[in-house]
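Novice: Pasting a structure here, questions to come.
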Amino acid sequence: MSSVSGKAFDLKILRRVLHFVKPYRIAFNVAMSLTIVLALITIVRTELIGYCVDYVTGVHGNNAFPFMTDFFHSMVDGKEKVSALTLVTIVIIIFLIAESLFIYFQMYLSNKVAQSVTIDIRTKVFTHIT
């Protein structure tokens with residue numbers, strides 16, 4: 001059986017790699033920001049689905065986000081259940097479309113930065129050994 005030597009995470013190596021990311025700082029920061037936005041969109045979409053289930057069943061669960069409750073009630077107050085659920089479904093579909101677009105751009109930028117950094121590291125290694 002072979003044993004693994006070395007650290008699982010080395011901050012020194014991470015700093016050296018992040019040095020190569022500096023020329024692509026804008027794309028890197030946008031990709032990281034999109035990651036945070038995607039996490040928030042996922043939470044909001046999931047909460048909206050939960051509110052729909054609560055609204056239809058009449059059972060009100062433990063709502064984690066009070067501002068979401070106000071948002072949901074502002075959309076459905078004074079409407080029939082079918083039209084209220086239709087409206088919420090349209091909002092959820094809009095969130096899904098936005099999420100898909102953000103995922104596309106986040107993946108595109110992440111891969112662009114990763115491939116550019118890889119090319120820069122390979123070029124530096126090649127010029128060092130020749």
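Every chain in the structure tokens takes a letter, A first, then B, and so on in the order presented; its residues are numbered from 1, and the ligands are numbered from 1 following the presented order.
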Excluding same-chain residues fewer than 2 positions from Tyr24 in chain A, what lies within 10 Å of it counting only C-alpha atoms, as a PDB file with N, CA, C and O atoms, in the first residue's frame?
Specialist:
```pdb
ATOM      1  N   PHE A  20      -0.036  33.735 -11.268  1.00  0.00           N
ATOM      2  CA  PHE A  20      -0.325  33.603 -12.699  1.00  0.00           C
ATOM      3  C   PHE A  20      -1.736  34.079 -13.050  1.00  0.00           C
ATOM      4  O   PHE A  20      -2.043  34.309 -14.211  1.00  0.00           O
ATOM      5  N   VAL A  21      -2.602  34.213 -12.063  1.00  0.00           N
ATOM      6  CA  VAL A  21      -3.983  34.657 -12.294  1.00  0.00           C
ATOM      7  C   VAL A  21      -4.066  36.180 -12.426  1.00  0.00           C
ATOM      8  O   VAL A  21      -5.020  36.700 -13.005  1.00  0.00           O
ATOM      9  N   LYS A  22      -3.060  36.895 -11.918  1.00  0.00           N
ATOM     10  CA  LYS A  22      -3.106  38.363 -11.903  1.00  0.00           C
ATOM     11  C   LYS A  22      -3.445  38.989 -13.258  1.00  0.00           C
ATOM     12  O   LYS A  22      -4.243  39.915 -13.307  1.00  0.00           O
ATOM     13  N   ILE A  26      -9.672  40.442 -13.794  1.00  0.00           N
ATOM     14  CA  ILE A  26     -11.067  40.866 -14.013  1.00  0.00           C
ATOM     15  C   ILE A  26     -11.953  39.660 -14.298  1.00  0.00           C
ATOM     16  O   ILE A  26     -13.012  39.495 -13.681  1.00  0.00           O
ATOM     17  N   ALA A  27     -11.520  38.806 -15.211  1.00  0.00           N
ATOM     18  CA  ALA A  27     -12.312  37.614 -15.542  1.00  0.00           C
ATOM     19  C   ALA A  27     -12.443  36.707 -14.317  1.00  0.00           C
ATOM     20  O   ALA A  27     -13.520  36.144 -14.068  1.00  0.00           O
ATOM     21  N   PHE A  28     -11.377  36.573 -13.544  1.00  0.00           N
ATOM     22  CA  PHE A  28     -11.408  35.748 -12.335  1.00  0.00           C
ATOM     23  C   PHE A  28     -12.405  36.301 -11.321  1.00  0.00           C
ATOM     24  O   PHE A  28     -13.213  35.555 -10.758  1.00  0.00           O
ATOM     25  N   ASN A  29     -12.357  37.616 -11.084  1.00  0.00           N
ATOM     26  CA  ASN A  29     -13.270  38.230 -10.115  1.00  0.00           C
ATOM     27  C   ASN A  29     -14.723  38.154 -10.570  1.00  0.00           C
ATOM     28  O   ASN A  29     -15.625  37.929  -9.753  1.00  0.00           O
ATOM     29  N   LEU A 109     -15.971  31.868 -18.220  1.00  0.00           N
ATOM     30  CA  LEU A 109     -14.886  32.669 -17.657  1.00  0.00           C
ATOM     31  C   LEU A 109     -13.922  31.825 -16.828  1.00  0.00           C
ATOM     32  O   LEU A 109     -12.701  32.009 -16.904  1.00  0.00           O
ATOM     33  N   LYS A 112     -11.802  29.873 -19.233  1.00  0.00           N
ATOM     34  CA  LYS A 112     -10.890  30.770 -19.937  1.00  0.00           C
ATOM     35  C   LYS A 112      -9.696  31.120 -19.051  1.00  0.00           C
ATOM     36  O   LYS A 112      -8.548  31.075 -19.493  1.00  0.00           O
ATOM     37  N   VAL A 113      -9.963  31.459 -17.794  1.00  0.00           N
ATOM     38  CA  VAL A 113      -8.881  31.782 -16.862  1.00  0.00           C
ATOM     39  C   VAL A 113      -8.004  30.557 -16.623  1.00  0.00           C
ATOM     40  O   VAL A 113      -6.771  30.649 -16.659  1.00  0.00           O
ATOM     41  N   ALA A 114      -8.621  29.404 -16.392  1.00  0.00           N
ATOM     42  CA  ALA A 114      -7.861  28.181 -16.115  1.00  0.00           C
ATOM     43  C   ALA A 114      -6.963  27.807 -17.291  1.00  0.00           C
ATOM     44  O   ALA A 114      -5.782  27.458 -17.098  1.00  0.00           O
ATOM     45  N   SER A 116      -5.857  29.832 -19.674  1.00  0.00           N
ATOM     46  CA  SER A 116      -4.832  30.866 -19.846  1.00  0.00           C
ATOM     47  C   SER A 116      -3.716  30.704 -18.821  1.00  0.00           C
ATOM     48  O   SER A 116      -2.534  30.838 -19.156  1.00  0.00           O
ATOM     49  N   VAL A 117      -4.069  30.410 -17.588  1.00  0.00           N
ATOM     50  CA  VAL A 117      -3.061  30.194 -16.545  1.00  0.00           C
ATOM     51  C   VAL A 117      -2.232  28.956 -16.875  1.00  0.00           C
ATOM     52  O   VAL A 117      -1.000  28.962 -16.722  1.00  0.00           O
TER      53      VAL A 117
END
```
Novice: One decimal, in Å: what's the spacing between CA of Phe102 in chain A and CA of Val44 in chain A?
Specialist: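 CA of Val44 in chain A lies 14.7 Å from CA of Phe102 in chain A.
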Novice: Rounded to one decimal place, report the CA of Leu101 in chain A-CA of Thr35 in chain A distance in Å.
Specialist: 12.0 Å
Novice: For Leu96 in chain A, find every residue with an atom within 9 Å (counting only C-alpha atoms), except residues of its own chain fewer than 6 positions away, and show them as a list in words.
Specialist: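 Non-adjacent residues within range: Ile41, Thr42 and Arg45 of chain A.
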Novice: Please, which residues of chain A, numbered as in this document, come out helix (DSSP H, G or I) from DSSP, as JSON, numbers by chain?
Specialist: {"A": [11, 12, 13, 14, 15, 16, 17, 18, 19, 20, 21, 22, 23, 24, 25, 26, 27, 28, 29, 30, 31, 32, 33, 34, 35, 36, 37, 38, 39, 40, 41, 42, 43, 44, 45, 46, 47, 48, 49, 50, 51, 52, 53, 54, 55, 56, 57, 66, 67, 68, 69, 70, 71, 72, 73, 74, 75, 76, 81, 82, 83, 84, 85, 86, 87, 88, 89, 90, 91, 92, 93, 94, 95, 96, 97, 98, 99, 100, 101, 102, 103, 104, 105, 106, 107, 108, 109, 110, 111, 112, 113, 114, 115, 116, 117, 118, 119, 120, 121, 122, 123, 124, 125, 126, 127, 128, 129]}
Novice: Measuring atom to atom with only C-alpha atoms, identify which of A:Ala31, A:Thr46, A:Val76, A:Phe67 is nearest to Asn111 in chain A.
Specialist: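 Comparing A:Ala31, A:Thr46, A:Val76, A:Phe67 against Asn111 in chain A, the winner is A:Ala31.
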Novice: What is the distance, in Å and to one decimal place, between CA of Ile90 in chain A and CA of Leu48 in chain A?
Specialist: 11.1 Å
Novice: Quick one: residues within 12 Å of Val82 in chain A, only C-alpha atoms, excluding same-chain residues fewer than 5 positions away - as a PyMOL selection string?
Specialist: chain A and resi 52+55-56+76+87-89
Novice: Take the residues from that selection and put them in a file with N, CA and C atoms, as a PDB file, in the first residue's frame.
Specialist:
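Final output, part-v9.pdb:
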```pdb
ATOM      1  N   CYS A  52     -44.588  27.977  -2.589  1.00  0.00           N
ATOM      2  CA  CYS A  52     -45.696  27.486  -3.433  1.00  0.00           C
ATOM      3  C   CYS A  52     -46.329  26.249  -2.823  1.00  0.00           C
ATOM      4  N   TYR A  55     -48.302  27.255   0.132  1.00  0.00           N
ATOM      5  CA  TYR A  55     -49.495  27.994  -0.284  1.00  0.00           C
ATOM      6  C   TYR A  55     -50.596  27.049  -0.750  1.00  0.00           C
ATOM      7  N   VAL A  56     -50.217  26.033  -1.508  1.00  0.00           N
ATOM      8  CA  VAL A  56     -51.212  25.086  -2.032  1.00  0.00           C
ATOM      9  C   VAL A  56     -51.744  24.188  -0.924  1.00  0.00           C
ATOM     10  N   VAL A  76     -48.885  37.150  -4.344  1.00  0.00           N
ATOM     11  CA  VAL A  76     -50.084  36.312  -4.388  1.00  0.00           C
ATOM     12  C   VAL A  76     -51.301  36.903  -3.689  1.00  0.00           C
ATOM     13  N   LEU A  87     -48.344  32.986 -11.662  1.00  0.00           N
ATOM     14  CA  LEU A  87     -47.405  34.093 -11.543  1.00  0.00           C
ATOM     15  C   LEU A  87     -46.093  33.640 -10.900  1.00  0.00           C
ATOM     16  N   VAL A  88     -46.197  32.874  -9.825  1.00  0.00           N
ATOM     17  CA  VAL A  88     -44.989  32.396  -9.150  1.00  0.00           C
ATOM     18  C   VAL A  88     -44.214  31.440 -10.044  1.00  0.00           C
ATOM     19  N   THR A  89     -44.913  30.618 -10.813  1.00  0.00           N
ATOM     20  CA  THR A  89     -44.252  29.712 -11.747  1.00  0.00           C
ATOM     21  C   THR A  89     -43.484  30.493 -12.801  1.00  0.00           C
TER      22      THR A  89
END
```
Novice: Using only C-alpha atoms, can you tell me which of A:Gly6, A:Gly78, A:Gly50, A:Gly58 comes closest to Ile92 in chain A?
Specialist: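 That would be A:Gly50, the residue with the smallest distance to Ile92 in chain A.
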